[in-house]
$ cat my_file-v5.csv   # CSV, C-alpha atoms
chain,number,residue,atom,x,y,z
A,1,MET,CA,98.7,64.9,67.4
A,2,LYS,CA,102.3,65.7,67.1
A,3,VAL,CA,104.2,66.8,70.1
A,4,TYR,CA,107.8,67.4,71.1
A,5,GLU,CA,109.1,65.8,74.3
A,6,LEU,CA,112.4,66.3,76.2
A,7,GLN,CA,113.0,62.7,77.1
A,8,SER,CA,115.9,63.5,79.4
A,9,ASN,CA,118.1,66.4,80.4
A,10,ALA,CA,120.8,65.5,77.8
A,11,GLY,CA,120.4,68.7,75.9
A,12,ILE,CA,118.8,69.5,72.5
A,13,ASP,CA,119.3,66.0,71.2
A,14,ALA,CA,116.9,64.8,73.9
A,15,LEU,CA,114.1,66.6,72.1
A,16,LYS,CA,112.0,64.0,70.2
A,17,LEU,CA,108.9,64.3,68.0
A,18,VAL,CA,106.2,61.8,69.1
A,19,GLU,CA,102.5,61.2,68.8
A,20,ARG,CA,100.0,61.7,71.6
A,21,ALA,CA,96.2,61.6,71.7
A,22,GLU,CA,94.6,65.0,71.2
A,23,PRO,CA,93.5,66.3,74.7
A,24,LYS,CA,89.9,67.1,75.6
A,25,PRO,CA,88.9,70.1,77.7
A,26,GLN,CA,87.3,69.5,81.0
A,27,ALA,CA,85.3,71.9,83.1
A,28,GLY,CA,87.0,75.3,83.1
A,29,GLN,CA,89.5,74.3,80.5
A,30,VAL,CA,90.1,75.4,76.9
A,31,LEU,CA,91.5,73.5,73.9
A,32,ILE,CA,93.8,75.6,71.8
A,33,ARG,CA,95.3,74.8,68.4
A,34,VAL,CA,98.8,76.1,68.9
A,35,GLN,CA,99.9,78.3,65.9
A,36,ALA,CA,103.3,79.5,67.1
A,37,THR,CA,105.7,79.2,70.0
A,38,SER,CA,108.8,81.2,70.8
A,39,LEU,CA,112.1,80.3,72.5
A,40,ASN,CA,113.7,81.8,75.6
A,41,TYR,CA,117.2,81.1,77.1
A,42,ARG,CA,115.3,79.3,79.8
A,43,ASP,CA,114.3,76.7,77.3
A,44,LEU,CA,118.0,75.9,76.7
A,45,MET,CA,118.5,75.6,80.4
A,46,VAL,CA,115.6,73.2,80.8
A,47,ALA,CA,116.9,71.0,77.9
A,48,GLU,CA,120.4,70.9,79.6
A,49,GLY,CA,119.0,70.2,83.1
A,50,SER,CA,120.4,73.4,84.6
A,51,TYR,CA,117.0,74.9,85.3
A,52,GLY,CA,116.6,73.9,88.9
A,53,SER,CA,115.9,70.3,90.1
A,54,GLY,CA,112.9,68.1,90.2
A,55,LEU,CA,112.0,68.3,86.5
A,56,LYS,CA,110.1,65.2,85.4
A,57,TYR,CA,110.6,63.6,82.0
A,58,PRO,CA,109.3,63.2,79.4
A,59,LEU,CA,108.5,66.9,79.4
A,60,ILE,CA,106.9,69.0,76.7
A,61,PRO,CA,109.1,72.1,76.6
A,62,MET,CA,108.6,75.8,76.0
A,63,SER,CA,106.5,78.3,78.0
A,64,ASP,CA,105.5,80.6,75.2
A,65,GLY,CA,102.7,79.9,72.7
A,66,ALA,CA,99.8,81.4,71.0
A,67,GLY,CA,96.9,79.9,69.1
A,68,GLU,CA,93.2,79.7,68.4
A,69,VAL,CA,90.5,78.4,70.8
A,70,VAL,CA,88.8,75.4,69.1
A,71,ALA,CA,86.8,74.0,72.0
A,72,VAL,CA,85.8,74.9,75.6
A,73,GLY,CA,84.8,72.9,78.6
A,74,GLU,CA,81.8,73.4,80.9
A,75,GLY,CA,81.7,76.7,82.7
A,76,VAL,CA,84.2,78.6,80.5
A,77,THR,CA,83.3,82.3,80.3
A,78,ARG,CA,86.6,84.1,79.8
A,79,VAL,CA,87.1,83.0,76.2
A,80,LYS,CA,85.1,81.5,73.3
A,81,VAL,CA,85.7,79.4,70.3
A,82,GLY,CA,87.6,81.4,67.7
A,83,ASP,CA,89.4,83.7,70.1
A,84,ARG,CA,93.1,84.3,69.6
A,85,VAL,CA,94.9,83.7,72.9
A,86,ALA,CA,98.3,83.2,74.5
A,87,GLY,CA,99.1,81.1,77.6
A,88,ILE,CA,100.6,82.9,80.6
A,89,PHE,CA,104.0,81.7,81.9
A,90,PHE,CA,102.8,80.7,85.4
A,91,GLN,CA,99.4,79.2,84.9
A,92,GLU,CA,98.3,80.0,88.5
A,93,TRP,CA,99.8,83.5,88.9
A,94,ILE,CA,96.8,85.6,88.1
A,95,TYR,CA,97.6,88.6,90.3
A,96,GLY,CA,99.3,89.5,93.6
A,97,GLN,CA,102.6,88.1,94.7
A,98,LEU,CA,104.4,85.0,93.4
A,99,ASN,CA,104.5,82.1,95.9
A,100,ARG,CA,105.7,78.5,95.9
A,101,GLN,CA,102.5,77.1,94.7
A,102,LYS,CA,102.2,79.5,91.8
A,103,MET,CA,105.9,78.8,90.9
A,104,LYS,CA,105.0,75.1,90.3
A,105,SER,CA,102.7,76.1,87.4
A,106,ASP,CA,105.4,77.3,85.0
A,107,LEU,CA,104.7,76.0,81.4
A,108,GLY,CA,107.6,74.0,79.9
A,109,ALA,CA,109.2,73.0,83.3
A,110,GLY,CA,106.9,72.6,86.2
A,111,ILE,CA,104.1,71.4,83.8
A,112,ASP,CA,104.0,70.5,80.2
A,113,GLY,CA,104.6,73.4,77.8
A,114,MET,CA,103.6,74.6,74.4
A,115,LEU,CA,105.7,72.8,71.7
A,116,VAL,CA,102.6,70.9,70.5
A,117,GLU,CA,99.9,71.0,67.9
A,118,TYR,CA,97.1,71.2,70.5
A,119,VAL,CA,97.1,72.1,74.2
A,120,VAL,CA,94.5,72.2,77.0
A,121,LEU,CA,94.9,75.1,79.5
A,122,HIS,CA,92.6,76.5,82.2
A,123,GLN,CA,90.7,79.5,81.1
A,124,ASP,CA,92.3,81.6,83.9
A,125,GLY,CA,95.8,80.9,82.4
A,126,LEU,CA,95.0,82.7,79.1
A,127,VAL,CA,95.0,86.2,77.7
A,128,ILE,CA,93.5,87.6,74.5
A,129,LEU,CA,96.1,88.6,71.9
A,130,PRO,CA,96.2,92.3,70.8
A,131,GLU,CA,94.3,92.4,67.4
A,132,HIS,CA,97.2,93.8,65.4
A,133,LEU,CA,99.6,91.0,66.3
A,134,SER,CA,100.0,87.8,64.3
A,135,TYR,CA,100.2,84.4,66.1
A,136,GLU,CA,104.0,84.5,65.6
A,137,GLU,CA,104.2,87.9,67.2
A,138,GLY,CA,101.8,87.0,70.0
A,139,ALA,CA,103.8,83.9,70.9
A,140,THR,CA,106.8,86.1,71.8
A,141,LEU,CA,105.0,87.8,74.7
A,142,PRO,CA,104.5,85.5,77.7
A,143,CYS,CA,108.0,85.3,79.0
A,144,ALA,CA,110.3,88.0,77.6
A,145,ALA,CA,107.9,90.8,77.1
A,146,VAL,CA,106.1,90.3,80.5
A,147,THR,CA,109.5,90.1,82.2
A,148,ALA,CA,110.7,93.4,80.6
A,149,TRP,CA,107.3,95.0,81.5
A,150,HIS,CA,107.5,93.8,85.1
A,151,ALA,CA,111.1,95.2,85.5
A,152,LEU,CA,110.7,98.6,84.0
A,153,VAL,CA,107.0,99.4,84.4
A,154,THR,CA,105.3,97.4,87.2
A,155,LYS,CA,108.2,97.6,89.6
A,156,GLY,CA,110.5,100.1,87.9
A,157,ASN,CA,107.9,102.8,87.5
A,158,ILE,CA,109.9,104.2,84.7
A,159,LYS,CA,109.4,107.9,83.9
A,160,ALA,CA,110.2,110.2,81.0
A,161,GLY,CA,113.7,111.5,81.1
A,162,GLU,CA,115.1,108.6,83.1
A,163,SER,CA,118.0,106.5,81.7
A,164,VAL,CA,118.1,102.7,81.1
A,165,LEU,CA,121.0,100.4,80.4
A,166,LEU,CA,120.2,97.2,78.5
A,167,LEU,CA,122.6,94.3,78.1
A,168,GLY,CA,122.6,92.6,74.8
A,169,THR,CA,119.9,92.4,72.1
A,170,GLY,CA,117.9,89.3,73.0
A,171,GLY,CA,114.2,89.1,73.6
A,172,VAL,CA,114.0,90.8,77.0
A,173,SER,CA,116.4,93.6,76.1
A,174,ILE,CA,114.6,94.5,72.9
A,175,PHE,CA,111.2,94.5,74.5
A,176,ALA,CA,112.7,96.7,77.3
A,177,LEU,CA,114.0,99.0,74.6
A,178,GLN,CA,110.6,99.4,73.2
A,179,PHE,CA,108.9,100.0,76.6
A,180,ALA,CA,111.6,102.4,77.7
A,181,LYS,CA,111.2,104.6,74.5
A,182,ILE,CA,107.4,104.6,74.8
A,183,HIS,CA,107.8,106.0,78.3
A,184,GLY,CA,110.2,108.7,77.2
A,185,ALA,CA,113.4,107.2,78.7
A,186,ARG,CA,116.9,107.4,77.3
A,187,VAL,CA,118.4,104.0,76.4
A,188,ILE,CA,122.0,102.8,76.4
A,189,ILE,CA,122.4,99.3,75.0
A,190,THR,CA,125.4,96.9,74.7
A,191,SER,CA,126.3,94.2,72.2
A,192,SER,CA,129.4,92.5,70.7
A,193,SER,CA,128.0,93.2,67.2
A,194,ASP,CA,128.1,96.5,65.5
A,195,GLU,CA,125.4,95.3,63.2
A,196,LYS,CA,123.0,94.5,66.1
A,197,LEU,CA,123.8,97.9,67.7
A,198,ALA,CA,122.9,99.6,64.4
A,199,ARG,CA,119.5,97.8,64.4
A,200,ALA,CA,119.0,98.8,68.0
A,201,LYS,CA,119.6,102.4,67.0
A,202,GLU,CA,116.9,102.0,64.4
A,203,LEU,CA,114.5,101.0,67.2
A,204,GLY,CA,115.3,104.1,69.2
A,205,ALA,CA,118.4,103.3,71.3
A,206,ASP,CA,120.1,106.6,72.1
A,207,GLU,CA,123.6,105.3,72.8
A,208,THR,CA,125.3,102.0,72.0
A,209,ILE,CA,128.4,100.3,73.3
A,210,ASN,CA,130.3,97.4,71.7
A,211,TYR,CA,131.5,95.5,74.8
A,212,LYS,CA,134.2,93.7,72.8
A,213,VAL,CA,135.7,97.0,71.8
A,214,ASN,CA,135.0,98.5,75.2
A,215,PRO,CA,135.5,95.7,77.8
A,216,ASP,CA,135.2,98.3,80.6
A,217,TRP,CA,131.8,99.2,79.3
A,218,GLU,CA,130.6,100.3,82.8
A,219,LYS,CA,133.0,103.2,82.6
A,220,LYS,CA,131.6,104.2,79.2
A,221,VAL,CA,128.1,104.1,80.6
A,222,TYR,CA,129.2,106.3,83.5
A,223,GLU,CA,130.6,108.9,81.0
A,224,MET,CA,127.4,108.7,78.9
A,225,SER,CA,125.3,109.4,81.9
A,226,ASP,CA,127.0,112.7,82.9
A,227,ARG,CA,129.2,110.8,85.3
A,228,THR,CA,126.2,109.9,87.6
A,229,GLY,CA,125.2,106.5,86.3
A,230,VAL,CA,121.9,105.3,84.8
A,231,ASP,CA,118.6,105.1,86.7
A,232,HIS,CA,117.7,101.5,85.6
A,233,VAL,CA,119.7,98.5,84.5
A,234,VAL,CA,118.0,95.4,83.0
A,235,GLU,CA,120.6,92.8,84.0
A,236,VAL,CA,120.4,89.6,81.9
A,237,GLY,CA,124.0,88.6,82.2
A,238,GLY,CA,124.1,87.4,85.8
A,239,ALA,CA,127.2,86.9,87.9
A,240,GLY,CA,129.5,87.7,85.1
A,241,THR,CA,128.1,91.2,84.4
A,242,LEU,CA,126.5,92.2,87.7
A,243,PRO,CA,129.6,93.8,89.2
A,244,LYS,CA,129.9,96.1,86.2
A,245,SER,CA,126.1,96.9,86.4
A,246,LEU,CA,126.6,97.8,90.0
A,247,GLN,CA,129.2,100.4,88.9
A,248,ALA,CA,127.1,101.7,86.0
A,249,VAL,CA,123.9,102.5,88.0
A,250,ARG,CA,123.5,105.8,89.8
A,251,ILE,CA,123.3,106.2,93.6
A,252,GLY,CA,119.7,105.2,94.5
A,253,GLY,CA,119.2,103.5,91.2
A,254,ARG,CA,117.6,100.1,90.4
A,255,ILE,CA,118.9,96.9,88.9
A,256,SER,CA,116.4,94.3,87.6
A,257,LEU,CA,118.2,90.9,87.8
A,258,ILE,CA,116.6,88.7,85.1
A,259,GLY,CA,119.0,86.3,83.5
A,260,VAL,CA,122.2,84.3,83.9
A,261,LEU,CA,123.6,84.4,80.4
A,262,SER,CA,127.2,84.9,81.6
A,263,GLY,CA,127.0,82.2,84.2
A,264,ARG,CA,126.3,81.6,87.9
A,265,GLY,CA,128.3,81.1,91.1
A,266,THR,CA,130.8,84.0,90.9
A,267,GLU,CA,131.1,86.0,94.2
A,268,VAL,CA,129.6,89.5,94.0
A,269,ASP,CA,130.8,92.2,96.3
A,270,PRO,CA,127.7,93.6,98.1
A,271,LEU,CA,129.3,96.8,99.2
A,272,PRO,CA,128.2,98.9,96.1
A,273,ILE,CA,124.6,97.9,96.8
A,274,LEU,CA,125.0,99.2,100.4
A,275,PHE,CA,127.1,102.3,99.6
A,276,LYS,CA,125.0,103.4,96.7
A,277,SER,CA,121.7,102.6,98.3
A,278,LEU,CA,120.7,100.5,95.3
A,279,THR,CA,117.5,98.5,94.7
A,280,VAL,CA,118.4,95.1,93.3
A,281,GLN,CA,115.2,93.2,92.4
A,282,GLY,CA,114.8,89.7,91.1
A,283,ILE,CA,112.3,89.5,88.2
A,284,TYR,CA,110.7,86.1,87.5
A,285,VAL,CA,108.4,86.9,84.5
A,286,GLY,CA,105.0,88.2,85.9
A,287,SER,CA,101.3,87.7,86.5
A,288,ARG,CA,98.3,87.6,84.2
A,289,GLU,CA,97.4,91.0,85.5
A,290,MET,CA,100.7,92.4,84.3
A,291,PHE,CA,100.4,90.6,81.0
A,292,GLU,CA,96.9,92.2,80.4
A,293,ALA,CA,98.1,95.7,81.4
A,294,MET,CA,101.1,95.3,79.0
A,295,ASN,CA,98.8,94.2,76.2
A,296,GLN,CA,96.8,97.4,76.5
A,297,ILE,CA,99.9,99.4,75.8
A,298,PHE,CA,100.8,97.1,72.9
A,299,SER,CA,97.4,97.9,71.4
A,300,GLN,CA,97.5,101.6,72.2
A,301,HIS,CA,100.9,102.1,70.7
A,302,GLN,CA,100.6,99.4,68.0
A,303,ILE,CA,103.9,97.9,69.2
A,304,LYS,CA,105.3,95.1,67.1
A,305,PRO,CA,107.6,92.5,68.6
A,306,VAL,CA,110.9,92.1,66.9
A,307,ILE,CA,111.3,88.6,65.5
A,308,ASP,CA,114.7,87.5,64.1
A,309,ARG,CA,113.7,84.3,62.5
A,310,VAL,CA,110.7,81.9,62.2
A,311,PHE,CA,111.3,78.1,62.0
A,312,SER,CA,108.8,75.4,61.0
A,313,PHE,CA,107.6,72.9,63.5
A,314,ALA,CA,109.8,70.3,61.9
A,315,GLU,CA,112.8,72.5,62.4
A,316,ALA,CA,112.5,72.7,66.2
A,317,HIS,CA,116.1,71.4,66.8
A,318,GLN,CA,117.5,74.0,64.4
A,319,ALA,CA,115.5,76.7,66.3
A,320,TYR,CA,117.1,75.7,69.6
A,321,ARG,CA,120.5,75.6,68.1
A,322,TYR,CA,120.1,79.0,66.5
A,323,LEU,CA,119.1,80.5,69.9
A,324,GLN,CA,122.0,78.7,71.5
A,325,SER,CA,124.4,80.3,68.9
A,326,GLY,CA,123.5,83.8,70.1
A,327,SER,CA,123.1,85.0,66.6
A,328,HIS,CA,119.6,86.3,67.1
A,329,PHE,CA,118.3,89.8,67.5
A,330,GLY,CA,115.0,89.8,69.3
A,331,LYS,CA,112.9,86.6,69.3
A,332,VAL,CA,113.2,83.2,67.7
A,333,VAL,CA,109.8,81.6,66.8
A,334,ILE,CA,108.6,78.2,65.8
A,335,LYS,CA,105.5,78.1,63.6
A,336,CYS,CA,103.2,75.2,64.7
A,337,GLY,CA,100.1,75.7,62.5
$ encode --input "my_file-v5.csv" --output "structure tokens"
Amino acid sequence: MKVYELQSNAGIDALKLVERAEPKPQAGQVLIRVQATSLNYRDLMVAEGSYGSGLKYPLIPMSDGAGEVVAVGEGVTRVKVGDRVAGIFFQEWIYGQLNRQKMKSDLGAGIDGMLVEYVVLHQDGLVILPEHLSYEEGATLPCAAVTAWHALVTKGNIKAGESVLLLGTGGVSIFALQFAKIHGARVIITSSSDEKLARAKELGADETINYKVNPDWEKKVYEMSDRTGVDHVVEVGGAGTLPKSLQAVRIGGRISLIGVLSGRGTEVDPLPILFKSLTVQGIYVGSREMFEAMNQIFSQHQIKPVIDRVFSFAEAHQAYRYLQSGSHFGKVVIKCG
């Protein structure tokens, strides 16, 4: 079978297409014909060697994938041949709290990932796809969608009438926009592109801010929220934007720290967290239990993930570079089937 390997941490050019033997499912395992995968910013970090230490090469990248069950090992009861499934990000985080052992089971970093024609996963590390979603749409869910769900719903307990600030229009932010609107929240979203902001408006965003035009966007958010600040911030920028998010959130509000798109290492003044009695929570994807709860809402509301562009399996390098360019709105997908 054809499989992509990162053969070092030298970046996208270290991604090589090679041949491997098709795997066979053992007891409790499932063989999946991968139909589609989707990229996350984390995949760029893995390729560049900036996603923690201890990665072993060659490594099959990418956490997100969906496909068809084509064979099952002895004792498999959760799925059957013909089922449409997606792998969960942490293969061992089924429910409860995340711990060190579960963290080692992350697809595409701790263990081999999904940029392959066939993959074997344990039956416990799978979820059934909502019936109304294609494989390409289902492949967008494991990381970005579950992360947004965890932030706003599982831990955020978002309610109708509350306000949410979303930074940018990548996968996590667009899923968060969809979840926030389903729950009756008011959404403010930022971008450097008026075209992207217009698309966000079409998806239900209530207010938009071009942060190139308004570099002090936290002040704009404050004005848009009746000079009190928003209830929730989905913070994907990291150190470069966190100080502004601390100013944009209300007293007693919540910031979900998810990404580091604007970099790491900058000192952040902790006093606003103290003085405003803020909850700042780190969100590292989520469990299978969260994924399955989210899928119920996808089915109930017939939510469709927003896919910017679909690349072929042979165009994996182009897909990585397109994500790296920041041109995307929503998700970037690679079709494997």
$ residues_around --input "my_file-v5.csv" --residues "segment 142-144 of chain A" --least-positions-apart "2" --cutoff "7 Å" --atoms "only C-alpha atoms" --output "PyMOL selection string"
chain A and resi 64+87-89+140+146-148+171-172+285
$ residues_around --input "my_file-v5.csv" --residues "Met1 of chain A" --least-positions-apart "6" --cutoff "9 Å" --atoms "all atoms listed in the file" --output "CSV table (one decimal) with C-alpha atoms, keeping the file's coordinate frame"
chain,number,residue,atom,x,y,z
A,18,VAL,CA,106.2,61.8,69.1
A,19,GLU,CA,102.5,61.2,68.8
A,20,ARG,CA,100.0,61.7,71.6
A,21,ALA,CA,96.2,61.6,71.7
A,22,GLU,CA,94.6,65.0,71.2
A,116,VAL,CA,102.6,70.9,70.5
A,117,GLU,CA,99.9,71.0,67.9
A,118,TYR,CA,97.1,71.2,70.5
$ atom_distance --input "my_file-v5.csv" --atom1 "atom CA of Ala47 of chain A" --atom2 "atom CA of Leu197 of chain A"
29.6 Å
$ closest_atom_pairs --input "my_file-v5.csv" --of "segment 13-110 of chain A" --to "segment 4-9 of chain A" --cutoff "9 Å" --atoms "only C-alpha atoms" --output "JSON lines"
{"residue": "A:Asp13", "atom": "CA", "partner": "A:Leu6", "partner_atom": "CA", "distance": 8.5}
{"residue": "A:Ala14", "atom": "CA", "partner": "A:Leu6", "partner_atom": "CA", "distance": 5.3}
{"residue": "A:Leu15", "atom": "CA", "partner": "A:Leu6", "partner_atom": "CA", "distance": 4.4}
{"residue": "A:Lys16", "atom": "CA", "partner": "A:Glu5", "partner_atom": "CA", "distance": 5.3}
{"residue": "A:Leu17", "atom": "CA", "partner": "A:Tyr4", "partner_atom": "CA", "distance": 4.5}
{"residue": "A:Val18", "atom": "CA", "partner": "A:Tyr4", "partner_atom": "CA", "distance": 6.2}
{"residue": "A:Glu19", "atom": "CA", "partner": "A:Tyr4", "partner_atom": "CA", "distance": 8.5}
{"residue": "A:Val46", "atom": "CA", "partner": "A:Asn9", "partner_atom": "CA", "distance": 7.3}
{"residue": "A:Ala47", "atom": "CA", "partner": "A:Asn9", "partner_atom": "CA", "distance": 5.4}
{"residue": "A:Glu48", "atom": "CA", "partner": "A:Asn9", "partner_atom": "CA", "distance": 5.1}
{"residue": "A:Gly49", "atom": "CA", "partner": "A:Asn9", "partner_atom": "CA", "distance": 4.7}
{"residue": "A:Ser50", "atom": "CA", "partner": "A:Asn9", "partner_atom": "CA", "distance": 8.5}
{"residue": "A:Leu55", "atom": "CA", "partner": "A:Asn9", "partner_atom": "CA", "distance": 8.8}
{"residue": "A:Lys56", "atom": "CA", "partner": "A:Ser8", "partner_atom": "CA", "distance": 8.5}
{"residue": "A:Tyr57", "atom": "CA", "partner": "A:Gln7", "partner_atom": "CA", "distance": 5.5}
{"residue": "A:Pro58", "atom": "CA", "partner": "A:Gln7", "partner_atom": "CA", "distance": 4.4}
{"residue": "A:Leu59", "atom": "CA", "partner": "A:Leu6", "partner_atom": "CA", "distance": 5.1}
{"residue": "A:Ile60", "atom": "CA", "partner": "A:Glu5", "partner_atom": "CA", "distance": 4.6}
{"residue": "A:Pro61", "atom": "CA", "partner": "A:Leu6", "partner_atom": "CA", "distance": 6.7}
$ closest_residue --input "my_file-v5.csv" --among "A:Asp112, A:Glu68, A:Glu137, A:Asp106" --to "Asp308 of chain A" --atoms "all atoms listed in the file"
A:Glu137
$ closest_residue --input "my_file-v5.csv" --among "A:Arg199, A:Lys155, A:Lys212, A:Lys219" --to "Val280 of chain A" --atoms "only C-alpha atoms"
A:Lys155
$ residues_near_point --input "my_file-v5.csv" --point "(131.2, 90.5, 76.6)" --cutoff "10 Å" --atoms "all atoms listed in the file" --output "number ranges by chain"
A: 167-168, 190-192, 210-217, 237, 240-241, 262
$ residues_around --input "my_file-v5.csv" --residues "Ala293 of chain A" --least-positions-apart "5" --cutoff "12 Å" --atoms "all atoms listed in the file" --output "VMD selection string"
chain A and resid 95 127 to 128 130 145 to 146 149 to 150 153 to 154 286 to 288 298 to 300
$ closest_residue --input "my_file-v5.csv" --among "A:Ala160, A:Leu98, A:Ala66, A:Ala109" --to "Ala36 of chain A" --atoms "all atoms listed in the file"
A:Ala66
$ closest_residue --input "my_file-v5.csv" --among "A:Gly96, A:Gly330, A:Pro305, A:Gly110" --to "Tyr51 of chain A" --atoms "only C-alpha atoms"
A:Gly110
$ closest_residue --input "my_file-v5.csv" --among "A:Asn295, A:Gln247, A:Ser312, A:Gln123" --to "Val230 of chain A" --atoms "all atoms listed in the file"
A:Gln247
$ closest_residue --input "my_file-v5.csv" --among "A:Gly170, A:Pro25, A:Gly156, A:Gly184" --to "Ile255 of chain A" --atoms "all atoms listed in the file"
A:Gly156
$ atom_distance --input "my_file-v5.csv" --atom1 "atom CA of Asp206 of chain A" --atom2 "atom CA of Glu223 of chain A"
14.0 Å
$ atom_distance --input "my_file-v5.csv" --atom1 "atom CA of Ala316 of chain A" --atom2 "atom CA of Asp43 of chain A"
11.9 Å
$ decode --input "my_file-v5.csv" --residues "segment 119-130 of chain A" --atoms "N, CA and C atoms" --output "PDB file, in the first residue's frame"
ATOM      1  N   VAL A 119      -5.212   1.548   7.294  1.00  0.00           N
ATOM      2  CA  VAL A 119      -4.691   1.695   8.652  1.00  0.00           C
ATOM      3  C   VAL A 119      -5.391   0.701   9.562  1.00  0.00           C
ATOM      4  N   VAL A 120      -4.664   0.192  10.555  1.00  0.00           N
ATOM      5  CA  VAL A 120      -5.252  -0.651  11.598  1.00  0.00           C
ATOM      6  C   VAL A 120      -5.317   0.162  12.885  1.00  0.00           C
ATOM      7  N   LEU A 121      -6.520   0.247  13.464  1.00  0.00           N
ATOM      8  CA  LEU A 121      -6.735   0.918  14.745  1.00  0.00           C
ATOM      9  C   LEU A 121      -7.512  -0.010  15.661  1.00  0.00           C
ATOM     10  N   HIS A 122      -7.377   0.208  16.965  1.00  0.00           N
ATOM     11  CA  HIS A 122      -8.172  -0.567  17.908  1.00  0.00           C
ATOM     12  C   HIS A 122      -9.632  -0.128  17.819  1.00  0.00           C
ATOM     13  N   GLN A 123     -10.529  -1.067  18.017  1.00  0.00           N
ATOM     14  CA  GLN A 123     -11.956  -0.737  17.924  1.00  0.00           C
ATOM     15  C   GLN A 123     -12.363   0.371  18.895  1.00  0.00           C
ATOM     16  N   ASP A 124     -11.685   0.480  20.027  1.00  0.00           N
ATOM     17  CA  ASP A 124     -12.040   1.518  21.000  1.00  0.00           C
ATOM     18  C   ASP A 124     -11.657   2.911  20.525  1.00  0.00           C
ATOM     19  N   GLY A 125     -10.754   2.983  19.540  1.00  0.00           N
ATOM     20  CA  GLY A 125     -10.306   4.278  19.045  1.00  0.00           C
ATOM     21  C   GLY A 125     -11.061   4.772  17.836  1.00  0.00           C
ATOM     22  N   LEU A 126     -12.311   4.320  17.670  1.00  0.00           N
ATOM     23  CA  LEU A 126     -13.114   4.681  16.502  1.00  0.00           C
ATOM     24  C   LEU A 126     -14.465   5.236  16.907  1.00  0.00           C
ATOM     25  N   VAL A 127     -15.032   6.071  16.046  1.00  0.00           N
ATOM     26  CA  VAL A 127     -16.424   6.499  16.166  1.00  0.00           C
ATOM     27  C   VAL A 127     -17.103   6.296  14.813  1.00  0.00           C
ATOM     28  N   ILE A 128     -18.398   6.066  14.842  1.00  0.00           N
ATOM     29  CA  ILE A 128     -19.193   5.962  13.615  1.00  0.00           C
ATOM     30  C   ILE A 128     -19.488   7.371  13.104  1.00  0.00           C
ATOM     31  N   LEU A 129     -19.323   7.574  11.803  1.00  0.00           N
ATOM     32  CA  LEU A 129     -19.601   8.888  11.220  1.00  0.00           C
ATOM     33  C   LEU A 129     -21.105   9.156  11.158  1.00  0.00           C
ATOM     34  N   PRO A 130     -21.512  10.409  11.370  1.00  0.00           N
ATOM     35  CA  PRO A 130     -22.905  10.779  11.098  1.00  0.00           C
ATOM     36  C   PRO A 130     -23.271  10.439   9.653  1.00  0.00           C
TER      37      PRO A 130
END
